[in-house]
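Quick look at my_file.cif (mmCIF, C-alpha atoms):
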```
data_entry
#
loop_
_atom_site.label_atom_id
_atom_site.label_comp_id
_atom_site.auth_asym_id
_atom_site.auth_seq_id
_atom_site.Cartn_x
_atom_site.Cartn_y
_atom_site.Cartn_z
CA MET A 1 -4.87 -0.26 66.58
CA LEU A 2 -6.00 0.84 63.16
CA CYS A 3 -4.63 -2.40 61.62
CA LYS A 4 -6.66 -4.59 64.01
CA LEU A 5 -9.80 -2.59 63.38
CA SER A 6 -9.33 -2.87 59.62
CA SER A 7 -9.19 -6.67 59.85
CA ILE A 8 -12.63 -7.04 61.47
CA LEU A 9 -14.55 -4.08 60.07
CA THR A 10 -15.79 -3.53 56.58
CA ARG A 11 -14.08 -0.93 54.42
CA ALA A 12 -16.99 1.50 54.94
CA HIS A 13 -16.94 1.04 58.69
CA PHE A 14 -13.18 1.52 58.68
CA ARG A 15 -13.47 4.87 56.91
CA ALA A 16 -16.11 6.04 59.37
CA VAL A 17 -14.09 5.04 62.41
CA LYS A 18 -10.93 6.59 60.96
CA SER A 19 -12.72 9.91 60.31
CA ALA A 20 -14.09 9.97 63.84
CA PHE A 21 -10.66 9.18 65.26
CA VAL A 22 -9.00 12.00 63.28
CA ALA A 23 -11.75 14.42 64.31
CA LEU A 24 -11.25 13.46 67.94
CA MET A 25 -7.49 14.04 67.70
CA LEU A 26 -7.97 17.46 66.06
CA ALA A 27 -10.55 18.46 68.63
CA SER A 28 -8.11 17.70 71.40
CA LEU A 29 -5.59 20.11 69.85
CA LEU A 30 -8.01 23.02 69.37
CA PRO A 31 -8.89 25.47 72.18
CA ALA A 32 -12.41 25.42 73.57
CA GLN A 33 -14.86 27.77 71.92
CA GLY A 34 -15.56 31.11 73.66
CA ALA A 35 -13.30 33.53 75.51
CA LEU A 36 -9.69 32.84 76.37
CA PRO A 37 -9.11 31.50 79.88
CA LEU A 38 -8.50 34.06 82.60
CA VAL A 39 -5.37 32.30 83.79
CA VAL A 40 -2.72 30.14 82.18
CA GLU A 41 -0.60 28.01 84.50
CA GLY A 42 -1.78 30.10 87.42
CA GLN A 43 -0.78 33.42 85.84
CA ALA A 44 -3.41 36.03 84.93
CA LEU A 45 -3.46 37.10 81.27
CA PRO A 46 -2.40 40.73 80.66
CA SER A 47 -5.29 43.12 80.05
CA LEU A 48 -5.78 46.87 79.62
CA ALA A 49 -9.27 46.66 81.08
CA PRO A 50 -8.39 47.78 84.65
CA MET A 51 -6.56 50.85 83.37
CA LEU A 52 -9.30 51.72 80.87
CA GLU A 53 -12.00 51.50 83.50
CA LYS A 54 -10.32 54.45 85.22
CA THR A 55 -9.46 56.50 82.12
CA THR A 56 -12.40 56.22 79.72
CA ILE A 57 -14.74 57.96 82.18
CA ALA A 58 -12.66 61.14 81.69
CA VAL A 59 -12.98 61.13 77.87
CA VAL A 60 -16.09 62.83 76.48
CA ASN A 61 -17.85 63.13 73.14
CA ILE A 62 -18.34 66.61 71.70
CA ALA A 63 -21.06 67.61 69.23
CA THR A 64 -21.23 71.15 67.87
CA ARG A 65 -23.59 73.28 65.85
CA GLY A 66 -22.18 76.25 64.02
CA THR A 67 -22.35 78.41 60.95
CA SER A 68 -20.06 78.94 58.01
CA ARG A 69 -20.15 81.33 55.09
CA SER A 70 -20.36 80.04 51.55
CA ARG A 71 -20.20 82.14 48.42
CA ILE A 72 -23.23 82.14 46.11
CA GLU A 73 -22.06 81.84 42.54
CA THR A 74 -23.91 83.61 39.70
CA PRO A 75 -23.39 83.12 35.96
CA PHE A 76 -21.09 86.18 35.95
CA SER A 77 -19.47 86.00 39.40
CA SER A 78 -16.72 83.68 38.17
CA ASP A 79 -15.87 85.89 35.21
CA PRO A 80 -13.08 88.31 36.23
CA LEU A 81 -13.89 90.73 33.39
CA PHE A 82 -17.48 91.17 34.47
CA ARG A 83 -16.45 91.52 38.10
CA ARG A 84 -13.84 94.12 37.25
CA PHE A 85 -15.73 96.31 34.79
CA PHE A 86 -19.29 95.99 36.09
CA ASP A 87 -18.40 95.80 39.78
CA ILE A 88 -20.61 92.77 40.34
CA PRO A 89 -20.82 92.16 44.09
CA SER A 90 -20.29 88.74 45.60
CA PHE A 91 -23.08 87.16 47.58
CA GLU A 92 -22.63 84.95 50.61
CA ARG A 93 -24.99 82.88 52.67
CA MET A 94 -24.75 81.47 56.16
CA GLN A 95 -24.80 77.69 56.26
CA GLU A 96 -25.56 75.51 59.26
CA THR A 97 -22.73 73.12 60.17
CA GLN A 98 -22.37 70.20 62.57
CA SER A 99 -19.30 68.36 63.77
CA LEU A 100 -18.32 65.55 66.09
CA GLY A 101 -15.16 65.17 68.12
CA SER A 102 -13.74 64.20 71.47
CA GLY A 103 -12.42 65.87 74.59
CA VAL A 104 -10.55 65.06 77.81
CA ILE A 105 -11.52 66.23 81.29
CA VAL A 106 -8.35 67.53 82.96
CA ASP A 107 -9.88 69.35 85.96
CA ALA A 108 -12.91 67.63 87.52
CA ASP A 109 -13.51 70.39 90.11
CA GLU A 110 -13.62 73.23 87.58
CA GLY A 111 -15.03 71.20 84.70
CA TYR A 112 -12.20 72.06 82.27
CA ILE A 113 -11.99 69.95 79.12
CA LEU A 114 -9.19 69.89 76.55
CA THR A 115 -9.99 69.40 72.88
CA ASN A 116 -8.86 70.55 69.42
CA ASN A 117 -9.62 74.05 68.20
CA HIS A 118 -10.93 72.71 64.89
CA VAL A 119 -13.54 70.67 66.77
CA ILE A 120 -15.23 73.74 68.29
CA SER A 121 -14.28 76.54 65.86
CA ASP A 122 -17.25 78.57 64.55
CA ALA A 123 -19.56 76.74 66.97
CA TYR A 124 -22.42 78.57 68.67
CA GLU A 125 -23.54 75.47 70.58
CA ILE A 126 -21.29 72.81 72.11
CA THR A 127 -22.82 69.70 73.67
CA VAL A 128 -20.63 67.43 75.78
CA THR A 129 -21.75 63.83 76.35
CA LEU A 130 -20.20 62.23 79.42
CA SER A 131 -19.41 58.54 79.73
CA ASP A 132 -22.52 58.06 81.91
CA GLY A 133 -24.74 59.46 79.15
CA ARG A 134 -25.32 62.96 80.55
CA GLU A 135 -25.46 65.72 77.92
CA ILE A 136 -24.25 69.15 79.06
CA LEU A 137 -23.82 72.44 77.22
CA ALA A 138 -20.23 73.77 77.35
CA GLU A 139 -18.71 77.21 77.02
CA ILE A 140 -15.43 78.13 75.35
CA ILE A 141 -12.75 79.34 77.76
CA GLY A 142 -10.07 79.93 75.15
CA ARG A 143 -8.60 78.52 71.96
CA ASP A 144 -5.35 78.70 70.04
CA PRO A 145 -5.59 78.00 66.30
CA ASP A 146 -1.79 77.99 65.92
CA THR A 147 -1.48 74.80 67.99
CA ASP A 148 -5.06 73.55 67.48
CA VAL A 149 -5.72 73.52 71.24
CA ALA A 150 -8.93 74.66 72.92
CA VAL A 151 -10.26 74.66 76.48
CA ILE A 152 -13.99 74.39 77.19
CA LYS A 153 -15.87 74.19 80.48
CA VAL A 154 -18.94 72.34 81.76
CA GLU A 155 -20.87 72.67 85.00
CA ALA A 156 -21.43 69.16 86.35
CA ASP A 157 -20.94 67.04 89.46
CA GLY A 158 -19.26 63.68 89.71
CA LEU A 159 -16.64 64.31 87.01
CA SER A 160 -13.35 62.40 86.76
CA HIS A 161 -10.18 63.71 85.18
CA LEU A 162 -6.98 62.26 83.77
CA PRO A 163 -3.61 62.98 85.37
CA MET A 164 -0.97 64.41 83.03
CA ALA A 165 2.30 62.64 82.37
CA ASP A 166 5.61 64.23 81.38
CA SER A 167 5.53 63.82 77.61
CA ASN A 168 9.25 64.66 77.45
CA GLN A 169 9.87 61.23 78.98
CA LEU A 170 8.17 59.38 76.10
CA ARG A 171 10.35 57.06 74.04
CA VAL A 172 9.84 55.50 70.64
CA GLY A 173 8.39 52.07 71.29
CA ASP A 174 6.37 53.00 74.38
CA PHE A 175 2.88 51.52 74.36
CA VAL A 176 0.03 54.03 74.12
CA VAL A 177 -3.76 53.88 73.90
CA ALA A 178 -5.99 56.28 71.95
CA ILE A 179 -9.49 56.97 73.30
CA GLY A 180 -12.08 58.92 71.35
CA ASN A 181 -15.28 58.97 69.33
CA PRO A 182 -14.37 57.87 65.77
CA PHE A 183 -17.03 58.35 63.11
CA GLY A 184 -19.58 59.17 65.82
CA LEU A 185 -19.76 55.50 66.85
CA GLY A 186 -19.32 56.26 70.53
CA GLN A 187 -16.35 55.84 72.79
CA THR A 188 -13.72 53.58 71.22
CA VAL A 189 -10.28 52.40 72.36
CA THR A 190 -7.33 51.53 70.11
CA SER A 191 -3.78 50.64 71.07
CA GLY A 192 -0.34 50.93 69.53
CA ILE A 193 3.12 52.29 70.17
CA VAL A 194 4.91 55.61 69.86
CA SER A 195 6.25 55.48 66.31
CA ALA A 196 8.23 58.76 66.36
CA LEU A 197 8.66 61.93 68.39
CA GLY A 198 9.09 65.58 67.47
CA ARG A 199 7.37 65.32 64.10
CA SER A 200 7.17 68.74 62.43
CA GLY A 201 7.05 70.35 59.02
CA LEU A 202 3.77 68.58 58.21
CA GLY A 203 1.91 71.80 57.43
CA ILE A 204 -0.91 70.88 59.83
CA GLU A 205 -0.40 73.68 62.37
CA SER A 206 1.87 76.70 62.82
CA TYR A 207 3.60 75.09 65.81
CA GLU A 208 4.29 71.39 65.37
CA ASP A 209 6.00 68.95 67.71
CA PHE A 210 3.81 65.89 67.24
CA ILE A 211 3.86 62.44 68.77
CA GLN A 212 3.42 59.92 65.95
CA THR A 213 1.60 56.70 66.80
CA ASP A 214 0.22 53.67 65.00
CA ALA A 215 -2.77 53.47 67.35
CA ALA A 216 -5.76 53.90 65.03
CA ILE A 217 -6.93 57.54 64.96
CA ASN A 218 -9.91 58.29 62.72
CA LEU A 219 -12.34 61.10 61.99
CA GLY A 220 -13.99 62.03 65.29
CA ASN A 221 -10.98 61.06 67.40
CA SER A 222 -9.80 64.68 67.29
CA GLY A 223 -9.46 66.07 70.80
CA GLY A 224 -9.39 62.62 72.37
CA ALA A 225 -6.83 61.21 74.77
CA LEU A 226 -3.55 59.46 74.10
CA VAL A 227 -2.57 57.73 77.35
CA ASN A 228 0.26 55.52 78.54
CA LEU A 229 -0.24 52.15 80.23
CA ARG A 230 -0.53 53.88 83.62
CA GLY A 231 -3.59 55.76 82.37
CA GLU A 232 -1.76 59.11 82.29
CA LEU A 233 -2.45 61.65 79.56
CA VAL A 234 0.55 61.99 77.22
CA GLY A 235 -1.08 63.74 74.27
CA ILE A 236 -4.21 65.08 72.57
CA ASN A 237 -5.07 63.29 69.32
CA THR A 238 -5.29 65.77 66.46
CA ALA A 239 -4.69 64.40 62.95
CA ILE A 240 -4.02 61.44 60.71
CA PHE A 241 -1.65 61.22 57.78
CA GLY A 242 -3.38 61.95 54.50
CA GLY A 243 -6.15 64.08 56.00
CA SER A 244 -9.53 63.32 57.50
CA ASN A 245 -11.16 62.03 54.31
CA GLN A 246 -9.65 58.59 54.73
CA GLY A 247 -9.39 56.09 57.53
CA SER A 248 -6.39 55.38 59.68
CA ILE A 249 -3.38 53.91 57.91
CA GLY A 250 -1.31 53.57 61.05
CA ILE A 251 0.13 57.10 61.03
CA GLY A 252 -1.61 59.34 63.53
CA PHE A 253 -0.44 62.44 65.36
CA ALA A 254 -1.02 63.80 68.85
CA ILE A 255 0.03 67.08 70.47
CA PRO A 256 2.37 66.39 73.43
CA ILE A 257 0.63 67.12 76.73
CA ASN A 258 3.53 69.32 77.91
CA MET A 259 2.86 71.68 75.00
CA VAL A 260 -0.90 71.48 75.56
CA HIS A 261 -0.52 72.23 79.27
CA SER A 262 1.55 75.33 78.53
CA ILE A 263 -1.10 76.57 76.11
CA MET A 264 -3.87 75.72 78.56
CA GLN A 265 -2.31 77.78 81.34
CA GLN A 266 -2.26 80.88 79.15
CA LEU A 267 -5.81 80.30 77.90
CA LEU A 268 -7.06 80.01 81.47
CA GLU A 269 -5.19 83.12 82.58
CA TYR A 270 -5.64 85.42 79.58
CA GLY A 271 -8.23 83.75 77.35
CA GLU A 272 -5.62 83.73 74.59
CA VAL A 273 -1.99 82.78 73.96
CA ARG A 274 0.38 85.73 74.20
CA ARG A 275 3.36 84.90 72.07
CA GLY A 276 6.57 86.84 72.06
CA ARG A 277 9.63 87.26 69.90
CA LEU A 278 13.35 86.77 70.13
CA GLY A 279 14.30 88.90 67.15
CA VAL A 280 16.51 86.57 65.13
CA GLN A 281 16.31 84.92 61.76
CA GLY A 282 18.43 82.07 60.52
CA GLN A 283 18.67 78.66 58.92
CA ASP A 284 19.40 75.04 59.71
CA LEU A 285 22.98 74.01 60.40
CA THR A 286 24.18 71.49 57.81
CA PRO A 287 27.31 69.30 57.92
CA GLU A 288 28.92 71.54 55.29
CA LEU A 289 28.23 74.70 57.28
CA ALA A 290 29.37 73.00 60.49
CA GLN A 291 32.71 72.24 58.86
CA ALA A 292 33.01 75.84 57.66
CA PHE A 293 32.27 77.17 61.15
CA GLY A 294 34.57 74.66 62.82
CA ILE A 295 31.79 73.07 64.89
CA SER A 296 31.90 69.42 65.90
CA ARG A 297 28.14 68.90 65.36
CA ASP A 298 25.87 69.08 62.34
CA THR A 299 22.54 70.19 63.82
CA GLY A 300 21.52 73.57 65.17
CA PHE A 301 20.23 77.01 64.19
CA ILE A 302 22.58 79.54 62.53
CA VAL A 303 21.74 83.18 63.20
CA THR A 304 21.75 85.12 59.93
CA GLN A 305 20.07 88.31 61.10
CA VAL A 306 19.53 90.06 64.44
CA GLU A 307 16.77 92.65 64.70
CA ASN A 308 17.68 96.02 66.20
CA GLU A 309 16.51 96.66 69.77
CA SER A 310 15.28 93.07 70.04
CA PRO A 311 15.69 90.58 72.90
CA ALA A 312 18.31 88.78 70.83
CA GLN A 313 20.40 91.93 70.43
CA ASN A 314 20.04 92.74 74.12
CA ALA A 315 21.24 89.21 74.94
CA GLY A 316 24.36 89.72 72.79
CA LEU A 317 23.50 87.37 69.94
CA ALA A 318 25.35 88.06 66.71
CA VAL A 319 25.24 86.92 63.09
CA GLY A 320 27.11 83.63 62.76
CA ASP A 321 26.17 82.32 66.21
CA VAL A 322 24.91 78.73 66.19
CA ILE A 323 22.18 78.06 68.76
CA VAL A 324 22.35 74.39 69.84
CA ALA A 325 20.12 74.36 72.93
CA ALA A 326 17.49 76.49 74.65
CA ASN A 327 16.23 76.01 78.20
CA GLY A 328 17.98 72.64 78.25
CA ARG A 329 16.30 71.35 75.08
CA LYS A 330 18.35 70.54 72.00
CA ILE A 331 17.84 72.81 68.98
CA ARG A 332 18.29 70.74 65.84
CA SER A 333 16.65 73.03 63.28
CA SER A 334 14.85 76.31 62.68
CA ARG A 335 11.58 74.45 63.30
CA ASP A 336 12.73 73.60 66.84
CA MET A 337 13.59 77.24 67.38
CA HIS A 338 10.20 78.36 66.06
CA ASN A 339 8.32 75.96 68.34
CA LEU A 340 10.34 76.87 71.41
CA ILE A 341 9.90 80.62 71.07
CA GLY A 342 6.18 80.15 70.45
CA MET A 343 5.80 78.21 73.71
CA VAL A 344 7.72 80.59 76.01
CA PRO A 345 5.33 83.08 77.66
CA VAL A 346 6.00 86.77 77.25
CA GLY A 347 8.28 88.13 79.97
CA GLN A 348 10.01 84.83 80.71
CA SER A 349 13.70 84.27 80.18
CA ILE A 350 15.22 81.74 77.85
CA GLU A 351 18.75 80.39 78.32
CA LEU A 352 20.52 79.86 75.01
CA GLU A 353 23.57 77.69 74.42
CA ILE A 354 25.54 78.86 71.40
CA TYR A 355 28.73 78.17 69.49
CA ARG A 356 30.75 81.24 68.53
CA GLY A 357 34.17 80.99 66.96
CA GLY A 358 34.44 77.33 67.92
CA PHE A 359 33.73 78.00 71.59
CA ARG A 360 30.57 77.16 73.52
CA LYS A 361 28.89 79.80 75.69
CA THR A 362 25.51 80.61 77.23
CA THR A 363 23.41 83.75 77.26
CA VAL A 364 19.96 84.70 78.55
CA ALA A 365 17.25 86.55 76.61
CA ILE A 366 13.88 87.87 77.79
CA ILE A 367 11.00 87.11 75.42
CA GLU A 368 9.10 90.30 74.55
CA THR A 369 5.62 90.95 73.19
CA ILE A 370 5.23 90.93 69.42
CA LYS A 371 4.35 94.51 68.55
CA ILE A 372 1.85 94.76 65.69
CA SER A 373 1.17 98.13 64.09
CA ARG A 374 -2.36 98.27 62.69
CA ILE A 375 -4.43 100.65 60.59
CA ASP A 376 -7.85 100.74 58.94
CA GLY A 377 -7.56 99.30 55.43
CA ALA A 378 -9.33 102.36 54.01
CA GLN A 379 -6.11 104.31 54.63
CA LEU A 380 -4.47 102.09 52.01
CA PHE A 381 -7.23 101.36 49.49
CA ASP A 382 -10.94 102.14 49.29
CA LYS A 383 -11.76 98.48 48.71
CA LEU A 384 -10.23 97.60 52.10
CA GLN A 385 -12.67 99.72 54.08
CA GLY A 386 -13.70 97.73 57.15
CA ALA A 387 -10.54 95.61 57.28
CA ILE A 388 -7.93 96.07 60.00
CA ILE A 389 -4.46 95.61 58.50
CA GLY A 390 -1.48 94.70 60.65
CA GLU A 391 2.22 95.04 59.92
CA ILE A 392 3.60 91.73 61.14
CA ARG A 393 7.25 91.53 62.12
CA GLU A 394 9.19 88.25 62.16
CA SER A 395 6.47 85.64 62.06
CA SER A 396 9.05 82.86 62.46
CA PRO A 397 12.82 82.54 62.70
CA GLN A 398 13.16 80.52 59.50
CA GLN A 399 11.50 83.10 57.23
CA ASN A 400 13.56 85.72 55.42
CA LEU A 401 10.83 88.37 55.20
CA ILE A 402 11.10 90.67 58.19
CA THR A 403 7.66 92.22 57.75
CA TYR A 404 4.45 91.57 55.85
CA LEU A 405 0.91 92.93 55.87
CA GLN A 406 -1.91 90.74 57.12
CA VAL A 407 -5.65 91.24 57.50
CA LEU A 408 -6.37 90.98 61.23
CA GLU A 409 -10.11 91.64 61.28
CA VAL A 410 -12.93 92.21 58.79
CA GLU A 411 -16.08 94.06 59.78
CA PRO A 412 -19.27 92.22 58.71
CA GLY A 413 -21.04 93.97 55.85
CA SER A 414 -18.06 96.20 55.05
CA THR A 415 -16.63 96.90 51.62
CA ALA A 416 -13.69 94.61 52.37
CA GLU A 417 -16.01 91.71 53.16
CA THR A 418 -18.06 92.38 50.03
CA VAL A 419 -15.03 92.05 47.76
CA GLY A 420 -14.01 88.81 49.46
CA ILE A 421 -11.32 89.90 51.94
CA LEU A 422 -10.99 87.47 54.87
CA ALA A 423 -9.25 87.66 58.22
CA GLY A 424 -5.83 86.05 57.86
CA ASP A 425 -5.30 87.13 54.24
CA ILE A 426 -1.80 88.40 53.49
CA LEU A 427 -1.37 91.42 51.23
CA TYR A 428 1.47 90.34 48.99
CA SER A 429 1.54 92.77 46.10
CA VAL A 430 -0.26 95.70 44.49
CA ASN A 431 -0.23 96.00 40.69
CA LYS A 432 2.44 93.27 40.64
CA GLN A 433 4.70 95.24 43.00
CA LEU A 434 5.77 93.51 46.22
CA ILE A 435 4.63 95.22 49.43
CA ARG A 436 6.10 94.32 52.81
CA ASN A 437 5.10 97.22 55.04
CA PHE A 438 2.80 100.22 55.27
CA ASP A 439 5.26 102.55 53.58
CA GLU A 440 5.60 100.33 50.51
CA ALA A 441 1.82 99.88 50.33
#
```
Translate the structure described by the file into structure tokens.
Amino acid sequence: MLCKLSSILTRAHFRAVKSAFVALMLASLLPAQGALPLVVEGQALPSLAPMLEKTTIAVVNIATRGTSRSRIETPFSSDPLFRRFFDIPSFERMQETQSLGSGVIVDADEGYILTNNHVISDAYEITVTLSDGREILAEIIGRDPDTDVAVIKVEADGLSHLPMADSNQLRVGDFVVAIGNPFGLGQTVTSGIVSALGRSGLGIESYEDFIQTDAAINLGNSGGALVNLRGELVGINTAIFGGSNQGSIGIGFAIPINMVHSIMQQLLEYGEVRRGRLGVQGQDLTPELAQAFGISRDTGFIVTQVENESPAQNAGLAVGDVIVAANGRKIRSSRDMHNLIGMVPVGQSIELEIYRGGFRKTTVAIIETIKISRIDGAQLFDKLQGAIIGEIRESSPQQNLITYLQVLEVEPGSTAETVGILAGDILYSVNKQLIRNFDEA
């Protein structure tokens, strides 16, 4: 057809017709402008919208107002010689703080909301914004800094909550959706997959068993929901790789909902998490050690020390035992052991599967309360007046130190606070001499 047209049209006309013809052909290949069609060949396109319509109404925005203490520096306060010889006091001021985060309604009747501890820590006012725009003041029911879980409560009608899934059934590759309030923009949804399970050793919290996902999690998403494609809650978003000063790079972490639910039950019942102890210390099983012990596996927890009169001793555990499972869950490392003991409520039993002398056996131990001896710091040093010092025993199975001294509380305005002692400080040495208990101090 183009040849016939070229014989009767001028060269200019030919170019114009050819351009129009090419444009027409290209237009026929391109999709129409606007949204994608709702159906293709009679089949509806997949969409998360129906699921999200039911789940996003249970995710809330959280805004807090709080205070924090900051040290006022003077020209001499940073000079250790002046501080030591002239006893220059340190000055602190209270500073107003604000933060934004997210939360998930898990009990619509009672108004219970799950979030991260770091979202509401040091807050004297917590405002929850519901999906319908209502703003309600919330109260703190309980919080656990060791797992970064907190429970708050609002009084409101017409709430909706998310059902909880069994996070133990998650598999790498499962699709998940993160819902939260990143950067204070308002409710936002991102999707991805489960990238890894059981992530630990990140140094984010004391007890770590994170779900890793590539669904975008940014600053402000903390405390938000990680749900599966059925709209069930599988985790609470808590952190991103590299810290909160940068955006998402596809490596985010969420606390498994099974762990969160266990913490929540204790917070609702006691207002705190009551952790117990087993009374063992040990190390990871390596292939070399497995060969030496004659064990046909290369993961587990080797017992290197059993504390006297402890649940472990009462259960018959001995040095050299290799713990490979507890309450039906595999124990691959000392971190697994640490997490498991921290999640078992005081007074409950724990069934341990162990290898001893090449043979497999089971035993049952009862988790007991961690007993902390405490004294007023003034009994140790004058400068510690107003600080409550505790003698901590066996903070975790993988540590070698049996005891250490930690500051449990500091009275406002006391001598200890004036010299800069803070709750959580560990007393490591005095005059370059290691101290591990009250007697050594």
Pick from A:Glu368, A:Gly420, A:Leu114, A:Tyr404 nearest to Gln385 (chain A), counting all atoms listed in the file: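 Looking only at the distances to Gln385 (chain A), the closest residue turns out to be A:Gly420.
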Return as a count of residues only the set of residues that the PyMOL selection byres ((chain A and resi 192) around 6) yields on the displayed structure. 6
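Taking CA of Gln291 (chain A) and CA of Gly358 (chain A) as endpoints, the distance between them is 10.5 Å.
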Have a look at A:Asp132, A:Ser121, A:Val172, A:Ser167 and name the one nearest to Asp148 (chain A); count all atoms listed in the file. A:Ser121
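In this structure, CA of Ala156 (chain A) sits 9.3 Å away from CA of Arg134 (chain A).
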Resolved residues for the PyMOL selection byres ((chain A and resi 163) around 10) as a list in words: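 That expression, the PyMOL selection byres ((chain A and resi 163) around 10), corresponds here to Thr55, Ala58, Ile105, Val106, Asp107, Ser160, His161, Leu162, Met164, Ala165, Val227, Arg230, Gly231, Glu232, Leu233 and Val234 of chain A.
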Which residue out of A:Asn237, A:Gln281, A:Gln266, A:Ser334 has the minimum interatomic distance to Asn221 (chain A) when all atoms listed in the file are used? A:Asn237
Find the spatial neighbours of Arg356 (chain A), counting all atoms listed in the file, within a cut-off of 10 Å - ignore same-chain residues fewer than 2 positions away - and output them as a list in words.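 Counting only the stated atoms, we get Phe293, Gly294, Ile295, Leu317, Ala318, Val319, Gly320, Asp321, Val322, Ile323, Glu353, Ile354, Gly358, Phe359, Arg360 and Lys361 of chain A.
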To test your reading of the syntax: which residues would the PyMOL selection byres ((chain A and resi 406-418) around 9) return for the file shown? Reply as an mmCIF file with C-alpha atoms, in the frame of the given file.
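The resulting file, expr_28.cif, is shown below:
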```
data_model
loop_
_atom_site.group_PDB
_atom_site.id
_atom_site.type_symbol
_atom_site.label_atom_id
_atom_site.label_comp_id
_atom_site.auth_asym_id
_atom_site.auth_seq_id
_atom_site.Cartn_x
_atom_site.Cartn_y
_atom_site.Cartn_z
ATOM 1 C CA PRO A 89 -20.820 92.160 44.090
ATOM 2 C CA SER A 90 -20.290 88.740 45.600
ATOM 3 C CA PHE A 91 -23.080 87.160 47.580
ATOM 4 C CA GLU A 92 -22.630 84.950 50.610
ATOM 5 C CA ARG A 374 -2.360 98.270 62.690
ATOM 6 C CA GLY A 377 -7.560 99.300 55.430
ATOM 7 C CA ASP A 382 -10.940 102.140 49.290
ATOM 8 C CA LYS A 383 -11.760 98.480 48.710
ATOM 9 C CA LEU A 384 -10.230 97.600 52.100
ATOM 10 C CA GLN A 385 -12.670 99.720 54.080
ATOM 11 C CA GLY A 386 -13.700 97.730 57.150
ATOM 12 C CA ALA A 387 -10.540 95.610 57.280
ATOM 13 C CA ILE A 388 -7.930 96.070 60.000
ATOM 14 C CA ILE A 389 -4.460 95.610 58.500
ATOM 15 C CA GLY A 390 -1.480 94.700 60.650
ATOM 16 C CA GLU A 391 2.220 95.040 59.920
ATOM 17 C CA ILE A 392 3.600 91.730 61.140
ATOM 18 C CA TYR A 404 4.450 91.570 55.850
ATOM 19 C CA LEU A 405 0.910 92.930 55.870
ATOM 20 C CA VAL A 419 -15.030 92.050 47.760
ATOM 21 C CA GLY A 420 -14.010 88.810 49.460
ATOM 22 C CA ILE A 421 -11.320 89.900 51.940
ATOM 23 C CA LEU A 422 -10.990 87.470 54.870
ATOM 24 C CA ALA A 423 -9.250 87.660 58.220
ATOM 25 C CA GLY A 424 -5.830 86.050 57.860
ATOM 26 C CA ASP A 425 -5.300 87.130 54.240
ATOM 27 C CA ILE A 426 -1.800 88.400 53.490
ATOM 28 C CA LEU A 427 -1.370 91.420 51.230
ATOM 29 C CA TYR A 428 1.470 90.340 48.990
#
```
Report the distance between CA of Ala326 (chain A) and CA of Phe253 (chain A) in Å, rounded to one decimal place.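 So the two atoms, CA of Ala326 (chain A) and CA of Phe253 (chain A), lie 24.6 Å apart.
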Pick from A:Gly142, A:Gly103, A:Gly186, A:Gly133 nearest to Leu226 (chain A), counting only C-alpha atoms: A:Gly103
At a cut-off of 10 Å, using only C-alpha atoms, what residues contact region 296-309 of chain A? Leave out same-chain residues fewer than 6 positions from it and give the result as a ChimeraX atom specification. /A:278-290,316-325,330-337,354-355,358,393-394,397-398,400,402
Would you list the contacts of Leu267 (chain A) as an mmCIF file with C-alpha atoms, in the coordinates of the input, taking every protein, DNA or RNA residue within 12 Å and counting only C-alpha atoms, but skipping same-chain residues closer than 5 positions in sequence?
```cif
data_model
loop_
_atom_site.group_PDB
_atom_site.id
_atom_site.type_symbol
_atom_site.label_atom_id
_atom_site.label_comp_id
_atom_site.auth_asym_id
_atom_site.auth_seq_id
_atom_site.Cartn_x
_atom_site.Cartn_y
_atom_site.Cartn_z
ATOM 1 C CA TYR A 112 -12.200 72.060 82.270
ATOM 2 C CA LEU A 114 -9.190 69.890 76.550
ATOM 3 C CA ILE A 140 -15.430 78.130 75.350
ATOM 4 C CA ILE A 141 -12.750 79.340 77.760
ATOM 5 C CA GLY A 142 -10.070 79.930 75.150
ATOM 6 C CA ARG A 143 -8.600 78.520 71.960
ATOM 7 C CA ASP A 144 -5.350 78.700 70.040
ATOM 8 C CA PRO A 145 -5.590 78.000 66.300
ATOM 9 C CA VAL A 149 -5.720 73.520 71.240
ATOM 10 C CA ALA A 150 -8.930 74.660 72.920
ATOM 11 C CA VAL A 151 -10.260 74.660 76.480
ATOM 12 C CA ILE A 152 -13.990 74.390 77.190
ATOM 13 C CA VAL A 260 -0.900 71.480 75.560
ATOM 14 C CA HIS A 261 -0.520 72.230 79.270
ATOM 15 C CA SER A 262 1.550 75.330 78.530
ATOM 16 C CA GLU A 272 -5.620 83.730 74.590
ATOM 17 C CA VAL A 273 -1.990 82.780 73.960
ATOM 18 C CA ARG A 274 0.380 85.730 74.200
ATOM 19 C CA ARG A 275 3.360 84.900 72.070
ATOM 20 C CA PRO A 345 5.330 83.080 77.660
#
```
Which centre and edge lengths in Å to one decimal define the box along x, y and z that fits every listed atom of region 225-235 of chain A plus 5 Å per side, as AutoDock Vina command-line options?
```
--center_x -3.1 --center_y 57.9 --center_z 78.9 --size_x 17.4 --size_y 21.6 --size_z 19.5
```
